[in-house]
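S.K.: Got a structure for you, input-v2.txt, holding compact mmCIF, C-alpha atoms and all ligand atoms.
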# COMPACT_ATOMS: atom_id res chain seq x y z
CA MET A 1 -5.69 14.40 27.58
CA THR A 2 -3.29 11.91 26.04
CA PRO A 3 -3.71 10.92 22.40
CA THR A 4 -4.76 7.41 23.49
CA THR A 5 -7.66 8.65 25.59
CA ALA A 6 -8.67 10.96 22.77
CA ALA A 7 -8.60 8.05 20.31
CA SER A 8 -10.58 5.77 22.58
CA ARG A 9 -13.32 8.39 22.79
CA LEU A 10 -13.82 8.47 19.05
CA ARG A 11 -17.06 6.87 18.01
CA LEU A 12 -15.77 6.45 14.49
CA PRO A 13 -12.07 5.64 14.75
CA PHE A 14 -9.84 5.95 11.69
CA PHE A 15 -9.36 2.19 11.49
CA PRO A 16 -12.16 -0.26 12.34
CA PRO A 17 -12.25 -1.31 16.00
CA ASP A 18 -13.35 -4.86 15.08
CA LEU A 19 -10.66 -6.15 12.74
CA PHE A 20 -11.43 -9.78 11.83
CA GLU A 21 -14.20 -10.05 14.41
CA ALA A 22 -16.33 -12.27 12.19
CA ASP A 23 -13.36 -14.57 11.58
CA ARG A 24 -11.97 -14.91 15.10
CA GLU A 25 -13.36 -18.37 15.79
CA HIS A 26 -12.06 -19.56 12.46
CA LEU A 27 -8.61 -18.15 13.19
CA LEU A 28 -8.51 -20.01 16.51
CA ARG A 29 -9.45 -23.21 14.70
CA LEU A 30 -6.63 -22.66 12.19
CA VAL A 31 -4.08 -22.07 14.97
CA ARG A 32 -5.17 -25.31 16.58
CA GLU A 33 -5.19 -27.26 13.31
CA THR A 34 -1.76 -26.03 12.26
CA GLY A 35 -0.37 -26.41 15.76
CA THR A 36 -1.52 -29.99 16.20
CA ALA A 37 -1.01 -31.26 12.64
CA PRO A 38 1.51 -34.14 12.44
CA ALA A 39 3.64 -32.22 9.95
CA GLN A 40 4.41 -29.45 12.50
CA LYS A 41 5.01 -27.15 9.56
CA PHE A 42 4.63 -23.49 10.55
CA ILE A 43 6.23 -21.66 7.64
CA LEU A 44 6.34 -22.12 3.84
CA GLY A 45 4.24 -25.25 3.86
CA GLU A 46 1.31 -26.54 1.88
CA ARG A 47 -1.01 -23.71 3.02
CA THR A 48 1.40 -21.04 1.82
CA ALA A 49 1.67 -22.84 -1.53
CA ARG A 50 -2.14 -22.95 -1.83
CA PHE A 51 -2.42 -19.26 -0.92
CA GLU A 52 0.16 -18.34 -3.57
CA GLN A 53 -1.69 -20.48 -6.11
CA ALA A 54 -5.03 -18.82 -5.27
CA LEU A 55 -3.58 -15.33 -5.76
CA ARG A 56 -1.84 -16.41 -8.95
CA ASP A 57 -5.05 -17.85 -10.44
CA ARG A 58 -7.08 -14.83 -9.43
CA LEU A 59 -4.62 -12.43 -11.01
CA GLY A 60 -3.37 -14.38 -13.98
CA ALA A 61 0.20 -13.85 -12.80
CA ALA A 62 3.09 -16.14 -13.71
CA ASP A 63 4.15 -16.29 -10.09
CA VAL A 64 3.16 -15.04 -6.65
CA VAL A 65 5.68 -15.37 -3.84
CA ALA A 66 4.41 -14.84 -0.31
CA CYS A 67 6.94 -13.24 2.00
CA GLY A 68 7.39 -11.52 5.33
CA SER A 69 6.02 -8.04 4.55
CA GLY A 70 5.35 -5.52 1.80
CA THR A 71 8.64 -3.83 2.64
CA SER A 72 10.48 -7.11 2.32
CA ALA A 73 8.70 -7.78 -0.99
CA LEU A 74 10.17 -4.53 -2.38
CA THR A 75 13.64 -5.49 -1.17
CA LEU A 76 13.39 -8.97 -2.71
CA VAL A 77 12.31 -7.61 -6.09
CA LEU A 78 15.02 -4.94 -6.21
CA ALA A 79 17.63 -7.51 -5.13
CA ALA A 80 16.40 -9.98 -7.76
CA MET A 81 16.99 -7.21 -10.33
CA ASP A 82 20.54 -6.81 -8.98
CA VAL A 83 19.97 -3.25 -7.82
CA GLY A 84 22.99 -2.32 -5.73
CA PRO A 85 25.81 0.15 -5.11
CA GLY A 86 26.22 2.68 -7.91
CA ASP A 87 22.62 2.30 -9.08
CA GLU A 88 19.93 4.94 -8.82
CA VAL A 89 16.26 4.16 -8.38
CA VAL A 90 13.68 6.89 -9.01
CA VAL A 91 11.07 6.88 -6.24
CA PRO A 92 8.24 9.28 -5.34
CA ALA A 93 9.17 12.19 -3.05
CA PHE A 94 5.89 11.63 -1.24
CA GLY A 95 5.03 8.24 0.22
CA CYS A 96 6.00 5.70 2.83
CA ALA A 97 9.52 5.11 4.09
CA PRO A 98 10.05 1.64 2.51
CA LEU A 99 10.05 3.25 -0.96
CA ALA A 100 13.40 4.84 -0.19
CA GLY A 101 14.49 2.50 2.62
CA SER A 102 14.44 -0.62 0.44
CA VAL A 103 16.70 1.10 -2.10
CA VAL A 104 19.14 2.36 0.54
CA ALA A 105 19.26 -1.05 2.24
CA LEU A 106 20.68 -2.53 -0.98
CA GLY A 107 23.38 0.13 -1.19
CA ALA A 108 21.70 1.95 -4.07
CA THR A 109 20.63 5.60 -4.18
CA PRO A 110 17.01 6.76 -4.12
CA VAL A 111 16.33 9.73 -6.40
CA PHE A 112 13.18 11.60 -5.49
CA ALA A 113 10.65 12.71 -8.11
CA ASP A 114 7.83 15.12 -7.33
CA ILE A 115 4.16 14.15 -7.45
CA ASP A 116 1.05 15.30 -9.26
CA PRO A 117 -0.49 18.00 -7.06
CA TRP A 118 -4.01 16.58 -7.26
CA THR A 119 -3.64 12.78 -7.35
CA MET A 120 -0.45 12.76 -5.23
CA VAL A 121 1.09 9.88 -7.19
CA VAL A 122 4.48 10.36 -8.82
CA ASP A 123 4.46 12.66 -11.86
CA PRO A 124 5.87 10.80 -14.92
CA ASP A 125 7.42 14.05 -16.26
CA ALA A 126 9.23 14.53 -12.97
CA VAL A 127 10.40 10.91 -13.12
CA GLU A 128 11.73 11.44 -16.65
CA ARG A 129 13.70 14.53 -15.54
CA ARG A 130 15.43 12.47 -12.83
CA ILE A 131 16.74 9.74 -15.13
CA THR A 132 20.53 9.68 -15.45
CA ALA A 133 23.11 7.27 -16.85
CA ARG A 134 23.12 5.56 -13.43
CA THR A 135 19.37 5.00 -13.21
CA LYS A 136 18.60 1.29 -12.96
CA ALA A 137 14.93 1.17 -12.02
CA LEU A 138 11.74 3.15 -11.56
CA LEU A 139 9.73 2.49 -8.41
CA PRO A 140 6.35 4.27 -8.55
CA ALA A 141 3.74 3.66 -5.85
CA HIS A 142 -0.03 3.68 -5.85
CA MET A 143 -1.24 6.02 -3.14
CA PHE A 144 -4.35 6.29 -1.01
CA SER A 145 -7.04 5.91 -3.71
CA VAL A 146 -5.19 6.60 -6.94
CA MET A 147 -2.89 4.34 -8.95
CA ALA A 148 0.31 5.72 -10.46
CA ASP A 149 0.24 6.27 -14.23
CA MET A 150 1.64 2.84 -15.14
CA PRO A 151 1.07 3.11 -18.92
CA ARG A 152 3.26 6.22 -19.12
CA LEU A 153 5.83 4.90 -16.66
CA GLY A 154 5.96 1.60 -18.55
CA ALA A 155 6.62 3.44 -21.82
CA LEU A 156 9.32 5.49 -20.13
CA ALA A 157 10.98 2.39 -18.67
CA ARG A 158 10.97 0.68 -22.07
CA ALA A 159 12.33 3.74 -23.88
CA CYS A 160 15.16 4.17 -21.36
CA ARG A 161 15.74 0.42 -20.80
CA LEU A 162 15.02 0.60 -17.08
CA ARG A 163 13.55 -1.96 -14.70
CA LEU A 164 10.03 -1.16 -13.50
CA VAL A 165 8.83 -2.15 -10.03
CA GLU A 166 5.26 -1.35 -9.05
CA ASP A 167 4.62 -0.63 -5.39
CA SER A 168 1.05 -1.87 -5.38
CA ALA A 169 1.12 -2.55 -1.62
CA VAL A 170 -2.19 -0.72 -1.13
CA ALA A 171 -3.78 -1.45 -4.49
CA GLN A 172 -4.67 -5.14 -4.48
CA GLY A 173 -7.85 -5.47 -6.56
CA GLY A 174 -7.32 -2.21 -8.42
CA VAL A 175 -7.39 -2.22 -12.24
CA GLN A 176 -5.97 0.36 -14.65
CA GLY A 177 -6.84 0.11 -18.34
CA GLY A 178 -7.65 -3.58 -17.85
CA VAL A 179 -4.37 -4.38 -16.09
CA PRO A 180 -4.61 -5.52 -12.44
CA ALA A 181 -2.49 -3.69 -9.87
CA GLY A 182 0.75 -5.59 -9.48
CA LEU A 183 1.04 -6.75 -13.08
CA ALA A 184 1.76 -3.42 -14.77
CA GLY A 185 5.46 -3.47 -14.04
CA GLU A 186 7.91 -6.35 -14.15
CA ALA A 187 6.91 -7.10 -10.58
CA GLY A 188 4.51 -5.68 -8.05
CA VAL A 189 4.08 -6.10 -4.32
CA TYR A 190 1.20 -6.49 -1.89
CA SER A 191 1.16 -5.88 1.84
CA PHE A 192 -0.96 -7.88 4.25
CA VAL A 193 -0.20 -5.81 7.35
CA GLN A 194 -3.38 -5.78 9.36
CA VAL A 195 -4.92 -2.45 8.29
CA LYS A 196 -4.33 -2.83 4.55
CA THR A 197 -7.26 -3.81 2.33
CA PHE A 198 -6.28 -7.49 2.44
CA GLY A 199 -4.69 -7.21 5.85
CA THR A 200 -4.17 -10.19 8.10
CA ALA A 201 -3.80 -10.90 11.81
CA GLY A 202 -0.11 -10.02 11.68
CA GLU A 203 2.48 -9.30 9.01
CA GLY A 204 2.86 -10.53 5.47
CA GLY A 205 3.45 -9.53 1.89
CA ALA A 206 3.77 -10.90 -1.60
CA VAL A 207 5.65 -10.36 -4.83
CA VAL A 208 3.55 -10.80 -7.97
CA THR A 209 5.03 -11.05 -11.43
CA ARG A 210 4.48 -12.13 -15.02
CA ASP A 211 8.15 -13.11 -15.21
CA VAL A 212 8.83 -16.73 -14.25
CA GLY A 213 12.57 -16.19 -13.87
CA LEU A 214 12.15 -13.17 -11.64
CA GLY A 215 9.66 -15.10 -9.52
CA ARG A 216 12.14 -17.96 -9.14
CA THR A 217 14.89 -15.60 -7.96
CA VAL A 218 12.56 -13.87 -5.47
CA ARG A 219 11.54 -17.30 -4.17
CA MET A 220 15.20 -18.12 -3.54
CA LEU A 221 15.97 -14.78 -1.95
CA ARG A 222 13.12 -15.03 0.57
CA ASN A 223 14.78 -18.10 2.09
CA HIS A 224 18.52 -17.42 2.18
CA GLY A 225 19.17 -18.08 -1.49
CA GLN A 226 18.11 -21.76 -1.40
CA ASP A 227 16.26 -23.21 -4.40
CA GLY A 228 13.66 -25.16 -2.41
CA VAL A 229 15.09 -28.50 -3.56
CA HIS A 230 18.62 -28.65 -2.20
CA ARG A 231 18.73 -27.70 1.43
CA PHE A 232 21.78 -25.81 2.65
CA LEU A 233 22.84 -25.00 -0.88
CA HIS A 234 22.88 -21.22 -1.14
CA HIS A 235 22.93 -19.82 -4.66
CA ARG A 236 22.76 -16.25 -3.49
CA ILE A 237 22.82 -14.26 -0.28
CA GLY A 238 19.19 -13.85 0.65
CA TRP A 239 16.97 -12.98 3.56
CA ASN A 240 14.63 -14.63 5.97
CA SER A 241 11.32 -13.42 4.59
CA ARG A 242 9.20 -16.55 4.87
CA PHE A 243 5.43 -16.80 5.17
CA ASP A 244 3.45 -18.11 8.12
CA GLU A 245 1.22 -21.17 7.63
CA VAL A 246 -1.55 -20.03 10.00
CA LEU A 247 -1.77 -16.70 8.20
CA ALA A 248 -1.75 -18.44 4.80
CA ALA A 249 -4.76 -20.49 5.87
CA PHE A 250 -6.42 -17.38 7.30
CA GLN A 251 -5.88 -15.40 4.07
CA LEU A 252 -7.26 -18.32 2.03
CA HIS A 253 -10.35 -18.16 4.21
CA ARG A 254 -10.69 -14.39 3.76
CA LEU A 255 -9.90 -14.24 0.04
CA PRO A 256 -13.41 -15.05 -1.29
CA GLY A 257 -14.86 -12.08 0.65
CA LEU A 258 -12.24 -9.63 -0.63
CA PRO A 259 -14.08 -8.43 -3.78
CA GLU A 260 -17.14 -7.58 -1.73
CA ARG A 261 -15.11 -5.68 0.86
CA LEU A 262 -13.28 -3.81 -1.89
CA GLU A 263 -16.60 -2.94 -3.54
CA ARG A 264 -17.93 -1.54 -0.27
CA ARG A 265 -14.79 0.58 0.12
CA ALA A 266 -15.16 1.84 -3.46
CA ARG A 267 -18.80 2.79 -2.89
CA ILE A 268 -17.98 4.69 0.29
CA ALA A 269 -15.19 6.54 -1.53
CA GLU A 270 -17.56 7.36 -4.39
CA ARG A 271 -20.13 8.69 -1.96
CA TYR A 272 -17.54 10.88 -0.22
CA THR A 273 -16.40 12.27 -3.55
CA GLU A 274 -19.99 12.98 -4.60
CA ARG A 275 -20.50 14.95 -1.41
CA PHE A 276 -17.19 16.82 -1.62
CA THR A 277 -16.67 17.75 -5.29
CA ASP A 278 -18.32 21.16 -4.87
CA LEU A 279 -16.01 22.05 -1.97
CA ALA A 280 -12.90 22.62 -4.08
CA ASP A 281 -13.23 26.41 -3.95
CA ARG A 282 -13.96 26.13 -0.22
CA GLY A 283 -10.48 24.76 0.53
CA VAL A 284 -11.41 21.06 0.54
CA LEU A 285 -10.16 19.11 -2.48
CA ALA A 286 -11.52 15.58 -3.04
CA PRO A 287 -9.71 12.97 -5.15
CA PRO A 288 -10.85 12.57 -8.77
CA PRO A 289 -13.98 10.43 -9.24
CA GLY A 290 -14.07 7.17 -11.20
CA ARG A 291 -13.07 3.54 -10.87
CA ASP A 292 -10.38 2.96 -13.48
CA GLY A 293 -6.86 3.33 -12.09
CA ARG A 294 -8.22 3.64 -8.61
CA CYS A 295 -7.81 1.65 -5.41
CA PHE A 296 -9.52 2.27 -2.12
CA TYR A 297 -7.15 1.84 0.78
CA VAL A 298 -7.70 5.20 2.45
CA TYR A 299 -9.67 8.24 1.36
CA THR A 300 -7.58 11.38 1.38
CA LEU A 301 -8.58 15.01 1.05
CA GLN A 302 -6.35 18.03 0.63
CA VAL A 303 -7.49 20.78 2.96
CA GLU A 304 -6.32 24.40 3.35
CA ARG A 305 -7.06 24.45 7.10
CA ARG A 306 -6.17 20.83 7.66
CA ASP A 307 -5.47 20.92 11.40
CA ALA A 308 -8.72 22.80 12.03
CA LEU A 309 -10.70 20.20 10.08
CA GLN A 310 -9.00 17.40 11.98
CA ALA A 311 -10.00 19.05 15.28
CA HIS A 312 -13.54 19.66 14.00
CA LEU A 313 -13.88 15.96 13.14
CA ALA A 314 -12.39 14.83 16.46
CA GLU A 315 -14.96 16.95 18.31
CA ARG A 316 -17.61 14.97 16.48
CA GLY A 317 -16.04 11.64 17.37
CA ILE A 318 -14.48 11.07 13.94
CA GLY A 319 -10.91 9.83 13.66
CA SER A 320 -8.68 11.00 10.82
CA HIS A 321 -5.07 10.50 9.87
CA VAL A 322 -2.26 12.60 8.42
CA TYR A 323 -0.17 10.29 6.25
CA TYR A 324 3.27 11.52 5.34
CA PRO A 325 3.39 15.07 6.74
CA LEU A 326 7.05 15.23 5.61
CA PRO A 327 8.19 14.37 2.07
CA LEU A 328 10.76 11.55 1.97
CA PRO A 329 13.74 13.77 1.02
CA ARG A 330 12.98 15.89 4.10
CA GLN A 331 13.16 12.90 6.44
CA PRO A 332 16.33 12.76 8.57
CA ALA A 333 16.90 9.20 7.31
CA PHE A 334 16.90 10.21 3.63
CA SER A 335 17.87 13.88 3.47
CA ARG A 336 21.44 12.96 2.56
CA TYR A 337 20.10 11.63 -0.77
CA ALA A 338 18.45 14.95 -1.59
CA ALA A 339 20.74 16.97 -3.84
CA PRO A 340 21.17 20.58 -2.61
CA GLY A 341 18.82 22.88 -4.45
CA ASP A 342 16.35 20.10 -5.28
CA ALA A 343 12.72 20.92 -4.59
CA TRP A 344 9.50 18.91 -4.41
CA HIS A 345 6.84 21.59 -4.23
CA ALA A 346 3.83 19.34 -4.74
CA ALA A 347 5.06 16.83 -2.14
CA GLU A 348 5.64 19.62 0.41
CA ARG A 349 2.23 21.07 -0.23
CA ALA A 350 0.51 17.67 0.00
CA GLY A 351 2.22 17.05 3.34
CA GLU A 352 0.74 20.28 4.70
CA ARG A 353 -2.77 19.64 3.42
CA ILE A 354 -3.56 15.94 3.44
CA LEU A 355 -6.17 14.47 5.72
CA SER A 356 -7.50 10.92 5.43
CA LEU A 357 -11.03 9.96 6.48
CA PRO A 358 -12.25 6.58 7.77
CA LEU A 359 -12.82 4.16 4.86
CA TYR A 360 -13.65 0.59 5.80
CA PRO A 361 -16.38 -1.86 4.84
CA GLN A 362 -17.83 -1.92 8.36
CA LEU A 363 -18.98 1.72 8.09
CA SER A 364 -22.74 1.97 7.67
CA ASP A 365 -24.33 4.33 5.13
CA ALA A 366 -25.49 6.52 8.01
CA GLN A 367 -21.97 6.75 9.41
CA VAL A 368 -20.62 7.69 5.98
CA GLU A 369 -23.20 10.49 5.72
CA TYR A 370 -22.37 11.63 9.25
CA ILE A 371 -18.68 11.91 8.35
CA ALA A 372 -19.48 13.65 5.04
CA ASP A 373 -21.85 16.07 6.81
CA ALA A 374 -19.14 16.96 9.31
CA VAL A 375 -16.66 17.77 6.51
CA ARG A 376 -19.25 19.83 4.60
CA GLU A 377 -20.25 21.73 7.72
CA PHE A 378 -16.62 22.70 8.28
CA ALA A 379 -15.98 23.71 4.67
CA LEU A 380 -19.16 25.74 4.29
CA ALA A 381 -18.67 27.51 7.62
CA GLY A 382 -15.06 28.40 6.85
C1 LIG B 401 2.21 -0.54 3.65
C2 LIG B 401 3.08 -0.16 2.50
C3 LIG B 401 4.33 -0.76 2.27
C4 LIG B 401 4.96 -1.69 3.25
O1 LIG B 401 4.23 -2.81 3.56
P1 LIG B 401 4.52 -3.53 4.96
O2 LIG B 401 3.79 -4.83 4.82
O3 LIG B 401 3.99 -2.65 6.02
O4 LIG B 401 5.99 -3.72 5.08
C5 LIG B 401 5.02 -0.41 1.14
N1 LIG B 401 4.53 0.49 0.27
C6 LIG B 401 3.35 1.09 0.45
C7 LIG B 401 2.85 2.07 -0.58
C8 LIG B 401 2.59 0.81 1.58
O5 LIG B 401 1.44 1.46 1.78
Written as structure tokens, that's how I'd like the structure from this file.
Ligand SMILES: *Cc1c(COP(=O)(O)O)cnc(C)c1O

M.R.:
Amino acid sequence: MTPTTAASRLRLPFFPPDLFEADREHLLRLVRETGTAPAQKFILGERTARFEQALRDRLGAADVVACGSGTSALTLVLAAMDVGPGDEVVVPAFGCAPLAGSVVALGATPVFADIDPWTMVVDPDAVERRITARTKALLPAHMFSVMADMPRLGALARACRLRLVEDSAVAQGGVQGGVPAGLAGEAGVYSFVQVKTFGTAGEGGAVVTRDVGLGRTVRMLRNHGQDGVHRFLHHRIGWNSRFDEVLAAFQLHRLPGLPERLERRARIAERYTERFTDLADRGVLAPPPGRDGRCFYVYTLQVERRDALQAHLAERGIGSHVYYPLPLPRQPAFSRYAAPGDAWHAAERAGERILSLPLYPQLSDAQVEYIADAVREFALAG
């Protein structure tokens, strides 16, 4: 049986089978409206400006710059901070490829810091140990359901005079000690790739910042270094990382429903945690409970017999996902940046044990209980 046939047999796939179903008609209307409007403006037009404004108002940010993807948002921020050859950027050893890739693409060197073994976000003590005279920036990331410890990382960045970029790609809507995800560092990023919490029918991202000057530079860099006033005057070498007008209109349409969808995700995660907390000594470790410093993109367990649980769930029609089986410094693309003798024990261990469960607003309470029952059955039988 191929993986595709296996996946299509799952009654509860890992990602919802009906992305945007309720909004399909509206999306078609927006394609038609944008496509037939006299302006014939398909990128960086009035809809993109309104979308940026809506996010800015909602957050209380100084600027929000919509761009091509979350990955591109990271690149634009690092470039706006003049990160380049000779600079080191401390990134988590465990996480997605753009954390290290964006640094490498600018000619700088990613330095990998180990994670907290329970929450799986970067460990501030490990970050501190990796700071050298060449360190230019810290780039922590919020992971799965837990936000990185931004208060401690902020203090560290201030004490060592480092730039602080917050990879909040999965954490839109999260709040830590009263500070919204994205505004804890000098700049944060969001990703709108379809399966993220504020995903869209395609690709997109945003840079959010309290710093007007940084926002202005990012705005220039997303469109080949132009200032938006003088065409074909290039102040800096930039990128093409522009935002699509149809998707801007679509995101504006979906924005009012976001808090409710996030709340549903949070409640499902809370319910899972309630049902799993007593399984820790049975080889199934749930994330810490609570709402502060949390975000609810995916729900991730750490499991001693991970592959067996994944098979057990699949037999019951439940999809699951192993994010990041290999720590970043073990990836062929990045291993050359791993100093010989370096070790990331918590990242290695997380890679062997993680398993993410379905977490999307469309899940009914009964489906959530069904999934939780299946996990409990496995843990208590083992
Ligand atoms: C998804 C993601 C990104 C990249 O966003 P894209 O829009 O897919 O480029 C970056 N960082 C984290 C933590 C992510 O989860």

S.K.: Please return the centre and edge lengths, in Å to one decimal, of a box with edges along x, y and z that contains all listed atoms of stretch 182-200 of chain A, widened by 4 Å on every side, as AutoDock Vina command-line options.

M.R.:
--center_x 0.3 --center_y -6.3 --center_z -2.7 --size_x 23.2 --size_y 15.7 --size_z 32.1

S.K.: Hey, what's within 6 Å of stretch 142-149 of chain A if we count only C-alpha atoms and toss same-chain stuff fewer than 3 positions away? As a list of chain:residue names, please?

M.R.: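 Here the qualifying residues turn out to be A:Val121, A:Arg152, A:Ser168, A:Gly293, A:Arg294, A:Cys295, A:Phe296, A:Tyr297, A:Val298.
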
S.K.: Within 12 Å of (-12.6, 11.2, -12.4) (coordinates as in the file), grab all the protein and nucleic acid residues, counting all atoms listed in the file, and write them out as a PDB file with C-alpha atoms, in the coordinates of the input.

M.R.:
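Resulting contents of part24.pdb:
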ATOM      1  CA  TRP A 118      -4.010  16.580  -7.260  1.00  0.00           C
ATOM      2  CA  THR A 119      -3.640  12.780  -7.350  1.00  0.00           C
ATOM      3  CA  SER A 145      -7.040   5.910  -3.710  1.00  0.00           C
ATOM      4  CA  VAL A 146      -5.190   6.600  -6.940  1.00  0.00           C
ATOM      5  CA  GLU A 270     -17.560   7.360  -4.390  1.00  0.00           C
ATOM      6  CA  THR A 273     -16.400  12.270  -3.550  1.00  0.00           C
ATOM      7  CA  GLU A 274     -19.990  12.980  -4.600  1.00  0.00           C
ATOM      8  CA  THR A 277     -16.670  17.750  -5.290  1.00  0.00           C
ATOM      9  CA  ALA A 286     -11.520  15.580  -3.040  1.00  0.00           C
ATOM     10  CA  PRO A 287      -9.710  12.970  -5.150  1.00  0.00           C
ATOM     11  CA  PRO A 288     -10.850  12.570  -8.770  1.00  0.00           C
ATOM     12  CA  PRO A 289     -13.980  10.430  -9.240  1.00  0.00           C
ATOM     13  CA  GLY A 290     -14.070   7.170 -11.200  1.00  0.00           C
ATOM     14  CA  ARG A 291     -13.070   3.540 -10.870  1.00  0.00           C
ATOM     15  CA  ASP A 292     -10.380   2.960 -13.480  1.00  0.00           C
ATOM     16  CA  GLY A 293      -6.860   3.330 -12.090  1.00  0.00           C
ATOM     17  CA  ARG A 294      -8.220   3.640  -8.610  1.00  0.00           C
TER      18      ARG A 294
END

S.K.: To one decimal place in Å, what is the distance between atom CA of A:Glu25 and atom CA of A:Glu260?

M.R.: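 Value for the atom CA of A:Glu25-atom CA of A:Glu260 distance: 20.9 Å.
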
S.K.: With distances taken over all atoms listed in the file, which of A:Val375, A:Thr34, A:Glu203, A:Pro85 is nearest to ligand LIG 401 (chain B)?

M.R.: A:Glu203

S.K.: Quick one: of A:Leu285, A:Thr209, A:Gly70, A:Ala54, who's nearest to A:Val193, counting only C-alpha atoms?

M.R.: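 For A:Val193, the nearest of the given residues is A:Gly70.
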
S.K.: Contacts between ligand LIG 401 (chain B) and chain A, please, where a residue of chain A counts if it comes within 9 Å (with all atoms listed in the file); show its shortest atom pair and distance in Å to one decimal, rows by chain and ascending number, as a tab-separated table.

M.R.:
residue	atom	partner	partner_atom	distance
A:Gly68	CA	B:LIG401	O2	7.6
A:Ser69	CA	B:LIG401	O2	3.9
A:Gly70	CA	B:LIG401	O1	3.4
A:Thr71	CA	B:LIG401	O4	3.6
A:Ser72	CA	B:LIG401	O4	6.3
A:Ala73	CA	B:LIG401	O4	7.8
A:Leu74	CA	B:LIG401	C5	7.5
A:Gly95	CA	B:LIG401	C7	6.6
A:Cys96	CA	B:LIG401	C6	5.8
A:Ala97	CA	B:LIG401	C5	7.7
A:Pro98	CA	B:LIG401	C5	5.6
A:Leu99	CA	B:LIG401	N1	6.3
A:Pro140	CA	B:LIG401	C7	9.0
A:Ala141	CA	B:LIG401	C7	5.6
A:His142	CA	B:LIG401	C7	6.2
A:Met143	CA	B:LIG401	C7	6.2
A:Phe144	CA	B:LIG401	O5	8.0
A:Asp167	CA	B:LIG401	N1	5.8
A:Ser168	CA	B:LIG401	C7	6.5
A:Ala169	CA	B:LIG401	C6	4.7
A:Val170	CA	B:LIG401	O5	5.1
A:Ala171	CA	B:LIG401	C7	8.5
A:Val189	CA	B:LIG401	C5	7.9
A:Tyr190	CA	B:LIG401	O1	7.2
A:Ser191	CA	B:LIG401	O2	4.1
A:Phe192	CA	B:LIG401	O2	5.7
A:Val193	CA	B:LIG401	O2	4.8
A:Gln194	CA	B:LIG401	O2	8.5
A:Val195	CA	B:LIG401	C1	8.7
A:Lys196	CA	B:LIG401	C1	7.0
A:Gly199	CA	B:LIG401	O2	8.9
A:Glu203	CA	B:LIG401	O2	6.3
A:Gly204	CA	B:LIG401	O2	5.8
A:Gly205	CA	B:LIG401	O2	5.5
A:Ala206	CA	B:LIG401	O2	8.8
A:Tyr297	CA	B:LIG401	O5	8.7

S.K.: Using the selection just defined, write its residues with C-alpha atoms as a PDB file, keeping the file's coordinate frame.

M.R.:
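Written file, selection-v3.pdb:
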ATOM      1  CA  GLY A  68       7.390 -11.520   5.330  1.00  0.00           C
ATOM      2  CA  SER A  69       6.020  -8.040   4.550  1.00  0.00           C
ATOM      3  CA  GLY A  70       5.350  -5.520   1.800  1.00  0.00           C
ATOM      4  CA  THR A  71       8.640  -3.830   2.640  1.00  0.00           C
ATOM      5  CA  SER A  72      10.480  -7.110   2.320  1.00  0.00           C
ATOM      6  CA  ALA A  73       8.700  -7.780  -0.990  1.00  0.00           C
ATOM      7  CA  LEU A  74      10.170  -4.530  -2.380  1.00  0.00           C
ATOM      8  CA  GLY A  95       5.030   8.240   0.220  1.00  0.00           C
ATOM      9  CA  CYS A  96       6.000   5.700   2.830  1.00  0.00           C
ATOM     10  CA  ALA A  97       9.520   5.110   4.090  1.00  0.00           C
ATOM     11  CA  PRO A  98      10.050   1.640   2.510  1.00  0.00           C
ATOM     12  CA  LEU A  99      10.050   3.250  -0.960  1.00  0.00           C
ATOM     13  CA  PRO A 140       6.350   4.270  -8.550  1.00  0.00           C
ATOM     14  CA  ALA A 141       3.740   3.660  -5.850  1.00  0.00           C
ATOM     15  CA  HIS A 142      -0.030   3.680  -5.850  1.00  0.00           C
ATOM     16  CA  MET A 143      -1.240   6.020  -3.140  1.00  0.00           C
ATOM     17  CA  PHE A 144      -4.350   6.290  -1.010  1.00  0.00           C
ATOM     18  CA  ASP A 167       4.620  -0.630  -5.390  1.00  0.00           C
ATOM     19  CA  SER A 168       1.050  -1.870  -5.380  1.00  0.00           C
ATOM     20  CA  ALA A 169       1.120  -2.550  -1.620  1.00  0.00           C
ATOM     21  CA  VAL A 170      -2.190  -0.720  -1.130  1.00  0.00           C
ATOM     22  CA  ALA A 171      -3.780  -1.450  -4.490  1.00  0.00           C
ATOM     23  CA  VAL A 189       4.080  -6.100  -4.320  1.00  0.00           C
ATOM     24  CA  TYR A 190       1.200  -6.490  -1.890  1.00  0.00           C
ATOM     25  CA  SER A 191       1.160  -5.880   1.840  1.00  0.00           C
ATOM     26  CA  PHE A 192      -0.960  -7.880   4.250  1.00  0.00           C
ATOM     27  CA  VAL A 193      -0.200  -5.810   7.350  1.00  0.00           C
ATOM     28  CA  GLN A 194      -3.380  -5.780   9.360  1.00  0.00           C
ATOM     29  CA  VAL A 195      -4.920  -2.450   8.290  1.00  0.00           C
ATOM     30  CA  LYS A 196      -4.330  -2.830   4.550  1.00  0.00           C
ATOM     31  CA  GLY A 199      -4.690  -7.210   5.850  1.00  0.00           C
ATOM     32  CA  GLU A 203       2.480  -9.300   9.010  1.00  0.00           C
ATOM     33  CA  GLY A 204       2.860 -10.530   5.470  1.00  0.00           C
ATOM     34  CA  GLY A 205       3.450  -9.530   1.890  1.00  0.00           C
ATOM     35  CA  ALA A 206       3.770 -10.900  -1.600  1.00  0.00           C
ATOM     36  CA  TYR A 297      -7.150   1.840   0.780  1.00  0.00           C
TER      37      TYR A 297
END

S.K.: Nearest to A:Val218: which of A:Glu245, A:Asp82, A:Glu46, A:Asp278 is it, counting only C-alpha atoms?

M.R.: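 Smallest separation from A:Val218 among the options: A:Asp82.
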